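Student: I have a structure I would like to understand better, so I am pasting it below and will then ask my questions one at a time.
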Amino acid sequence: MSLSIVLLIIGIAYILIWGLMSLLRREGLSMRFALESLAITLVFSLLAALTGFQLHPIVFLLLLYLFTMRARLLVDVANMFAQRRQYQRADTLYSLAKRLWPDPSSKLIILLNQGVSFLQRGEVDQAIAALKSLLQEAEGGYLGVKYEAAAHYNLGQAYRRKDMGAEAVRELNECIDVWPGSLYARRAQDAIELWRNKA
(Lines give C-alpha, C1' and ligand atoms only; values in the text may rest on other atoms or scores of the structure.)
Protein backbone atom coordinates (compact mmCIF):
# COMPACT_ATOMS: atom_id res chain seq x y z
CA MET A 1 0.00 0.00 0.00
CA SER A 2 1.40 3.40 -0.95
CA LEU A 3 2.34 5.95 1.69
CA SER A 4 -0.17 8.49 0.35
CA ILE A 5 -3.05 6.00 0.89
CA VAL A 6 -1.78 5.14 4.39
CA LEU A 7 -1.64 8.84 5.33
CA LEU A 8 -5.13 9.36 3.93
CA ILE A 9 -6.50 6.43 5.96
CA ILE A 10 -4.79 7.68 9.13
CA GLY A 11 -6.12 11.22 8.63
CA ILE A 12 -9.70 10.11 8.01
CA ALA A 13 -9.58 7.68 10.96
CA TYR A 14 -8.26 10.50 13.17
CA ILE A 15 -11.17 12.76 12.16
CA LEU A 16 -13.76 10.02 12.72
CA ILE A 17 -12.36 8.86 16.07
CA TRP A 18 -11.98 12.41 17.40
CA GLY A 19 -15.47 13.27 16.17
CA LEU A 20 -16.92 10.23 17.94
CA MET A 21 -15.08 11.13 21.14
CA SER A 22 -16.40 14.70 20.91
CA LEU A 23 -19.96 13.41 20.59
CA LEU A 24 -19.48 11.11 23.58
CA ARG A 25 -18.16 14.06 25.62
CA ARG A 26 -21.16 16.11 24.44
CA GLU A 27 -18.90 18.71 22.82
CA GLY A 28 -20.56 18.57 19.44
CA LEU A 29 -18.85 18.16 16.10
CA SER A 30 -16.43 20.89 15.09
CA MET A 31 -16.45 21.56 11.37
CA ARG A 32 -13.26 23.61 11.73
CA PHE A 33 -11.45 20.68 13.34
CA ALA A 34 -12.61 18.30 10.59
CA LEU A 35 -11.64 20.69 7.78
CA GLU A 36 -8.22 21.47 9.27
CA SER A 37 -7.49 17.77 9.75
CA LEU A 38 -8.67 16.94 6.24
CA ALA A 39 -6.61 19.75 4.69
CA ILE A 40 -3.43 18.62 6.45
CA THR A 41 -4.11 15.02 5.47
CA LEU A 42 -4.63 15.94 1.82
CA VAL A 43 -1.47 18.08 1.70
CA PHE A 44 0.75 15.32 3.09
CA SER A 45 -0.96 12.62 1.00
CA LEU A 46 -0.50 14.64 -2.20
CA LEU A 47 3.12 15.40 -1.31
CA ALA A 48 3.77 11.68 -0.82
CA ALA A 49 1.98 10.74 -4.06
CA LEU A 50 3.39 13.46 -6.34
CA THR A 51 6.93 14.01 -5.04
CA GLY A 52 7.81 10.77 -3.27
CA PHE A 53 8.05 12.70 0.01
CA GLN A 54 8.66 10.20 2.83
CA LEU A 55 7.05 10.71 6.23
CA HIS A 56 6.61 8.01 8.82
CA PRO A 57 2.88 7.54 9.57
CA ILE A 58 3.50 7.99 13.33
CA VAL A 59 5.24 11.33 12.67
CA PHE A 60 2.31 12.37 10.47
CA LEU A 61 -0.17 11.48 13.23
CA LEU A 62 1.90 13.43 15.76
CA LEU A 63 2.00 16.51 13.47
CA LEU A 64 -1.74 16.24 12.88
CA TYR A 65 -2.38 16.05 16.62
CA LEU A 66 -0.06 18.96 17.46
CA PHE A 67 -1.65 21.20 14.83
CA THR A 68 -5.29 20.44 15.61
CA MET A 69 -4.80 20.46 19.40
CA ARG A 70 -2.56 23.56 19.44
CA ALA A 71 -4.91 25.66 21.60
CA ARG A 72 -5.59 22.89 24.13
CA LEU A 73 -1.90 22.09 24.45
CA LEU A 74 -1.13 25.75 25.11
CA VAL A 75 -3.86 25.79 27.77
CA ASP A 76 -2.22 22.81 29.47
CA VAL A 77 1.12 24.67 29.57
CA ALA A 78 -0.62 27.84 30.79
CA ASN A 79 -2.28 25.83 33.56
CA MET A 80 1.14 24.58 34.68
CA PHE A 81 2.31 28.18 35.02
CA ALA A 82 -0.90 29.15 36.85
CA GLN A 83 -0.41 26.31 39.34
CA ARG A 84 3.08 27.67 40.02
CA ARG A 85 1.56 31.13 40.55
CA GLN A 86 3.27 32.48 37.42
CA TYR A 87 0.05 34.15 36.32
CA GLN A 88 1.56 36.61 33.84
CA ARG A 89 3.05 33.77 31.79
CA ALA A 90 -0.22 31.85 32.05
CA ASP A 91 -2.18 34.87 30.80
CA THR A 92 0.21 35.28 27.87
CA LEU A 93 -0.35 31.66 26.85
CA TYR A 94 -4.13 31.87 27.25
CA SER A 95 -4.10 34.94 24.99
CA LEU A 96 -1.89 33.19 22.45
CA ALA A 97 -4.20 30.16 22.45
CA LYS A 98 -7.15 32.46 21.68
CA ARG A 99 -5.27 33.97 18.73
CA LEU A 100 -4.51 30.58 17.16
CA TRP A 101 -8.03 30.27 15.74
CA PRO A 102 -9.27 27.53 18.09
CA ASP A 103 -12.34 25.47 17.29
CA PRO A 104 -15.46 26.36 19.36
CA SER A 105 -14.86 23.67 21.98
CA SER A 106 -11.23 24.68 22.49
CA LYS A 107 -12.23 28.33 22.78
CA LEU A 108 -14.61 27.47 25.63
CA ILE A 109 -11.90 25.43 27.34
CA ILE A 110 -9.58 28.45 27.18
CA LEU A 111 -12.26 30.65 28.76
CA LEU A 112 -12.91 28.11 31.53
CA ASN A 113 -9.25 27.86 32.45
CA GLN A 114 -8.87 31.63 32.44
CA GLY A 115 -11.80 31.89 34.85
CA VAL A 116 -10.28 29.27 37.15
CA SER A 117 -6.96 31.11 36.99
CA PHE A 118 -8.68 34.33 38.13
CA LEU A 119 -10.20 32.40 41.03
CA GLN A 120 -6.81 30.89 42.00
CA ARG A 121 -5.22 34.33 42.23
CA GLY A 122 -8.09 35.75 44.28
CA GLU A 123 -9.60 37.95 41.54
CA VAL A 124 -13.09 36.76 42.39
CA ASP A 125 -15.08 39.39 40.47
CA GLN A 126 -13.14 38.65 37.28
CA ALA A 127 -13.59 34.91 37.85
CA ILE A 128 -17.36 35.35 38.22
CA ALA A 129 -17.56 37.49 35.08
CA ALA A 130 -15.43 35.05 33.06
CA LEU A 131 -17.29 31.92 34.20
CA LYS A 132 -20.74 33.47 33.71
CA SER A 133 -19.71 34.59 30.22
CA LEU A 134 -18.41 31.10 29.47
CA LEU A 135 -21.65 29.43 30.55
CA GLN A 136 -23.70 31.84 28.43
CA GLU A 137 -21.50 31.15 25.40
CA ALA A 138 -21.68 27.42 26.08
CA GLU A 139 -25.45 27.38 25.64
CA GLY A 140 -24.80 26.98 21.91
CA GLY A 141 -23.13 23.64 22.58
CA TYR A 142 -19.47 22.59 22.30
CA LEU A 143 -18.78 22.48 26.06
CA GLY A 144 -18.38 18.92 27.26
CA VAL A 145 -20.01 17.63 30.44
CA LYS A 146 -16.72 17.60 32.36
CA TYR A 147 -15.99 21.24 31.51
CA GLU A 148 -19.55 22.38 32.18
CA ALA A 149 -19.46 20.74 35.63
CA ALA A 150 -16.09 22.41 36.28
CA ALA A 151 -17.50 25.80 35.26
CA HIS A 152 -20.51 25.50 37.60
CA TYR A 153 -18.35 24.22 40.45
CA ASN A 154 -15.81 27.03 40.15
CA LEU A 155 -18.52 29.65 39.74
CA GLY A 156 -20.14 28.29 42.90
CA GLN A 157 -16.82 28.59 44.71
CA ALA A 158 -16.40 32.16 43.47
CA TYR A 159 -19.88 33.07 44.75
CA ARG A 160 -19.07 31.38 48.07
CA ARG A 161 -15.99 33.59 48.44
CA LYS A 162 -18.23 36.63 47.90
CA ASP A 163 -20.67 35.35 50.58
CA MET A 164 -23.40 35.03 47.94
CA GLY A 165 -24.90 31.88 49.43
CA ALA A 166 -27.97 31.45 47.24
CA GLU A 167 -25.98 31.87 44.02
CA ALA A 168 -23.25 29.54 45.29
CA VAL A 169 -25.72 26.78 46.17
CA ARG A 170 -27.51 27.20 42.82
CA GLU A 171 -24.26 26.77 40.86
CA LEU A 172 -23.09 23.85 42.99
CA ASN A 173 -26.47 22.14 42.46
CA GLU A 174 -26.10 22.77 38.71
CA CYS A 175 -22.71 21.07 38.87
CA ILE A 176 -24.29 18.02 40.53
CA ASP A 177 -27.11 17.95 37.95
CA VAL A 178 -24.75 18.26 34.98
CA TRP A 179 -22.43 15.38 35.94
CA PRO A 180 -23.78 13.36 38.90
CA GLY A 181 -21.29 11.07 40.58
CA SER A 182 -18.26 12.95 39.29
CA LEU A 183 -15.46 14.34 41.43
CA TYR A 184 -16.88 17.84 40.83
CA ALA A 185 -20.34 16.69 41.95
CA ARG A 186 -18.94 15.13 45.14
CA ARG A 187 -16.98 18.29 45.93
CA ALA A 188 -20.06 20.40 45.21
CA GLN A 189 -22.14 18.23 47.57
CA ASP A 190 -19.49 18.56 50.29
CA ALA A 191 -19.40 22.36 49.81
CA ILE A 192 -23.21 22.59 50.05
CA GLU A 193 -23.25 20.52 53.26
CA LEU A 194 -20.45 22.63 54.74
CA TRP A 195 -22.37 25.80 53.84
CA ARG A 196 -25.57 24.46 55.46
CA ASN A 197 -23.70 23.43 58.63
CA LYS A 198 -22.26 26.93 58.95
CA ALA A 199 -25.67 28.47 58.44
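A note on labels: chains of the C-alpha coordinates are A, B, ... as shown, every chain counts residues from 1, and ligands are counted from 1 in their shown order.
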So that I can see what lies close to A:Ala188, please list as number ranges by chain the residues with an atom at most 7 Å from it, counting only C-alpha atoms and leaving out residues fewer than 6 positions away in the same chain.
Tutor: A: 153, 172, 175-176
Student: Could you pull the residues within 12 Å of A:Ala82, counting only C-alpha atoms, minus those fewer than 5 positions along the same chain, as a list in words?
Tutor: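 Once the nearby chain positions are removed, what remains is Val75, Asp76, Val77, Tyr87, Gln88, Arg89, Ala90, Asp91, Thr92, Leu93, Tyr94, Asn113, Gln114, Gly115, Val116, Ser117, Phe118, Leu119, Gln120 and Arg121 of chain A.
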Student: Save the residues we just selected, N, CA and C atoms, as a PDB file, in the first residue's frame?
Tutor:
ATOM      1  N   VAL A  75      -3.117  25.650  26.516  1.00  0.00           N
ATOM      2  CA  VAL A  75      -3.865  25.794  27.771  1.00  0.00           C
ATOM      3  C   VAL A  75      -3.246  24.910  28.851  1.00  0.00           C
ATOM      4  N   ASP A  76      -2.847  23.702  28.490  1.00  0.00           N
ATOM      5  CA  ASP A  76      -2.216  22.811  29.469  1.00  0.00           C
ATOM      6  C   ASP A  76      -0.923  23.420  30.017  1.00  0.00           C
ATOM      7  N   VAL A  77      -0.124  24.022  29.124  1.00  0.00           N
ATOM      8  CA  VAL A  77       1.118  24.666  29.567  1.00  0.00           C
ATOM      9  C   VAL A  77       0.794  25.887  30.426  1.00  0.00           C
ATOM     10  N   TYR A  87       1.286  33.801  37.004  1.00  0.00           N
ATOM     11  CA  TYR A  87       0.048  34.152  36.318  1.00  0.00           C
ATOM     12  C   TYR A  87       0.273  34.976  35.060  1.00  0.00           C
ATOM     13  N   GLN A  88       1.313  35.795  35.030  1.00  0.00           N
ATOM     14  CA  GLN A  88       1.558  36.607  33.836  1.00  0.00           C
ATOM     15  C   GLN A  88       1.892  35.712  32.640  1.00  0.00           C
ATOM     16  N   ARG A  89       2.719  34.720  32.869  1.00  0.00           N
ATOM     17  CA  ARG A  89       3.045  33.773  31.789  1.00  0.00           C
ATOM     18  C   ARG A  89       1.803  32.984  31.368  1.00  0.00           C
ATOM     19  N   ALA A  90       1.015  32.585  32.357  1.00  0.00           N
ATOM     20  CA  ALA A  90      -0.217  31.847  32.046  1.00  0.00           C
ATOM     21  C   ALA A  90      -1.143  32.708  31.195  1.00  0.00           C
ATOM     22  N   ASP A  91      -1.318  33.973  31.570  1.00  0.00           N
ATOM     23  CA  ASP A  91      -2.180  34.874  30.798  1.00  0.00           C
ATOM     24  C   ASP A  91      -1.690  35.058  29.379  1.00  0.00           C
ATOM     25  N   THR A  92      -0.371  35.144  29.213  1.00  0.00           N
ATOM     26  CA  THR A  92       0.211  35.276  27.872  1.00  0.00           C
ATOM     27  C   THR A  92      -0.139  34.066  27.017  1.00  0.00           C
ATOM     28  N   LEU A  93      -0.051  32.882  27.602  1.00  0.00           N
ATOM     29  CA  LEU A  93      -0.348  31.658  26.848  1.00  0.00           C
ATOM     30  C   LEU A  93      -1.834  31.504  26.564  1.00  0.00           C
ATOM     31  N   TYR A  94      -2.696  31.896  27.520  1.00  0.00           N
ATOM     32  CA  TYR A  94      -4.134  31.866  27.246  1.00  0.00           C
ATOM     33  C   TYR A  94      -4.468  32.793  26.078  1.00  0.00           C
ATOM     34  N   ASN A 113     -10.515  27.861  31.719  1.00  0.00           N
ATOM     35  CA  ASN A 113      -9.251  27.857  32.447  1.00  0.00           C
ATOM     36  C   ASN A 113      -8.812  29.260  32.845  1.00  0.00           C
ATOM     37  N   GLN A 114      -9.139  30.255  32.039  1.00  0.00           N
ATOM     38  CA  GLN A 114      -8.865  31.630  32.444  1.00  0.00           C
ATOM     39  C   GLN A 114      -9.679  31.999  33.678  1.00  0.00           C
ATOM     40  N   GLY A 115     -10.951  31.610  33.695  1.00  0.00           N
ATOM     41  CA  GLY A 115     -11.795  31.890  34.847  1.00  0.00           C
ATOM     42  C   GLY A 115     -11.272  31.231  36.110  1.00  0.00           C
ATOM     43  N   VAL A 116     -10.838  29.984  35.996  1.00  0.00           N
ATOM     44  CA  VAL A 116     -10.283  29.268  37.145  1.00  0.00           C
ATOM     45  C   VAL A 116      -8.986  29.942  37.605  1.00  0.00           C
ATOM     46  N   SER A 117      -8.193  30.416  36.647  1.00  0.00           N
ATOM     47  CA  SER A 117      -6.957  31.114  36.989  1.00  0.00           C
ATOM     48  C   SER A 117      -7.246  32.392  37.773  1.00  0.00           C
ATOM     49  N   PHE A 118      -8.283  33.133  37.369  1.00  0.00           N
ATOM     50  CA  PHE A 118      -8.677  34.331  38.130  1.00  0.00           C
ATOM     51  C   PHE A 118      -9.048  33.953  39.563  1.00  0.00           C
ATOM     52  N   LEU A 119      -9.768  32.855  39.712  1.00  0.00           N
ATOM     53  CA  LEU A 119     -10.195  32.405  41.035  1.00  0.00           C
ATOM     54  C   LEU A 119      -8.987  32.012  41.881  1.00  0.00           C
ATOM     55  N   GLN A 120      -8.011  31.321  41.279  1.00  0.00           N
ATOM     56  CA  GLN A 120      -6.812  30.888  41.998  1.00  0.00           C
ATOM     57  C   GLN A 120      -6.030  32.080  42.541  1.00  0.00           C
ATOM     58  N   ARG A 121      -6.009  33.175  41.788  1.00  0.00           N
ATOM     59  CA  ARG A 121      -5.224  34.328  42.234  1.00  0.00           C
ATOM     60  C   ARG A 121      -6.028  35.296  43.094  1.00  0.00           C
TER      61      ARG A 121
END
Student: Taking 6 positions as the minimum chain separation for residues in the same chain, which residues sit within 7 Å of stretch 130-132 of chain A when counting only C-alpha atoms? Answer as a list in words.
Tutor: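 Residues meeting the cut-off are Leu111, Leu112, Gly115, Ala151 and Leu155 of chain A.
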Student: Can you check which residues of chain A DSSP gives as alpha helix (DSSP H) on the backbone and send them as an NGL selection string?
Tutor: :A and (3-24 or 31-51 or 57-68 or 70-83 or 87-99 or 104-120 or 124-137 or 145-161 or 165-178 or 183-198)
Student: Can you pull out the residues contacting A:Phe53? Cut-off 12 Å, using only C-alpha atoms, and skip same-chain residues under 3 positions away; I want them as a list in words.
Tutor: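 Final neighbour list, sorted by chain and number: Ser2, Leu3, Ser4, Leu7, Val43, Phe44, Ser45, Leu46, Leu47, Ala48, Ala49, Leu50, His56 and Phe60 of chain A.
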Student: With only C-alpha atoms as the atoms that count, which of A:Ala129, A:Arg85, A:Trp195, A:Gly19 lies nearest to A:Met164?
Tutor: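 For A:Met164, the nearest of the given residues is A:Trp195.
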Student: Rounded to one decimal, what separation in Å do you get between atom CA of A:Ala191 and atom CA of A:Gly165?
Tutor: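 These two atoms are separated by 11.0 Å.
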Student: Point out the residue among A:Glu167, A:Arg161, A:Arg187, A:Phe33 with the least atom-to-atom distance to A:Asp125, counting only C-alpha atoms.
Tutor: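 Closest to A:Asp125, using only C-alpha atoms: A:Arg161.
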Student: Which residue gives the smallest distance to A:Arg26 among A:Arg170, A:Arg196, A:Lys146, A:Arg186, with only C-alpha atoms counted?
Tutor: A:Lys146
Student: Between atom CA of A:Gly122 and atom CA of A:Glu137, what is the distance in Å, rounded to a tenth?
Tutor: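 A separation of 23.6 Å between them.
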Student: Using only C-alpha atoms for the distances, tell me which of A:Glu27, A:Ala158, A:Phe67, A:Leu62 is nearest to A:Glu139.
Tutor: A:Glu27
Student: Mind giving me the straight-line distance from atom CA of A:Ala13 to atom CA of A:Tyr65 in Å, one decimal?
Tutor: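 The value is 12.4 Å.
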Student: Given only C-alpha atoms as the basis, pick out the residue of A:Ala78, A:Ala138, A:Val169, A:Leu38 nearest to A:Pro104.
Tutor: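 Looking at the shortest contact to A:Pro104, the residue is A:Ala138.
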Student: Of the candidates A:Gln83, A:Asn197, A:Ser106, A:Asn173, which one gets nearest to A:Asn154 if we count only C-alpha atoms?
Tutor: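 Among the listed residues, A:Asn173 lies closest to A:Asn154.
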Student: Within 7 Å of stretch 178-185 of chain A, which residues of stretch 125-164 of chain A come that close, and what is the closest atom pair and distance in Å for each? Count only C-alpha atoms and give it as JSON lines.
Tutor:
{"residue": "A:Val145", "atom": "CA", "partner": "A:Trp179", "partner_atom": "CA", "distance": 6.4}
{"residue": "A:Ala149", "atom": "CA", "partner": "A:Val178", "partner_atom": "CA", "distance": 5.9}
{"residue": "A:Ala150", "atom": "CA", "partner": "A:Tyr184", "partner_atom": "CA", "distance": 6.5}
{"residue": "A:Tyr153", "atom": "CA", "partner": "A:Tyr184", "partner_atom": "CA", "distance": 6.6}
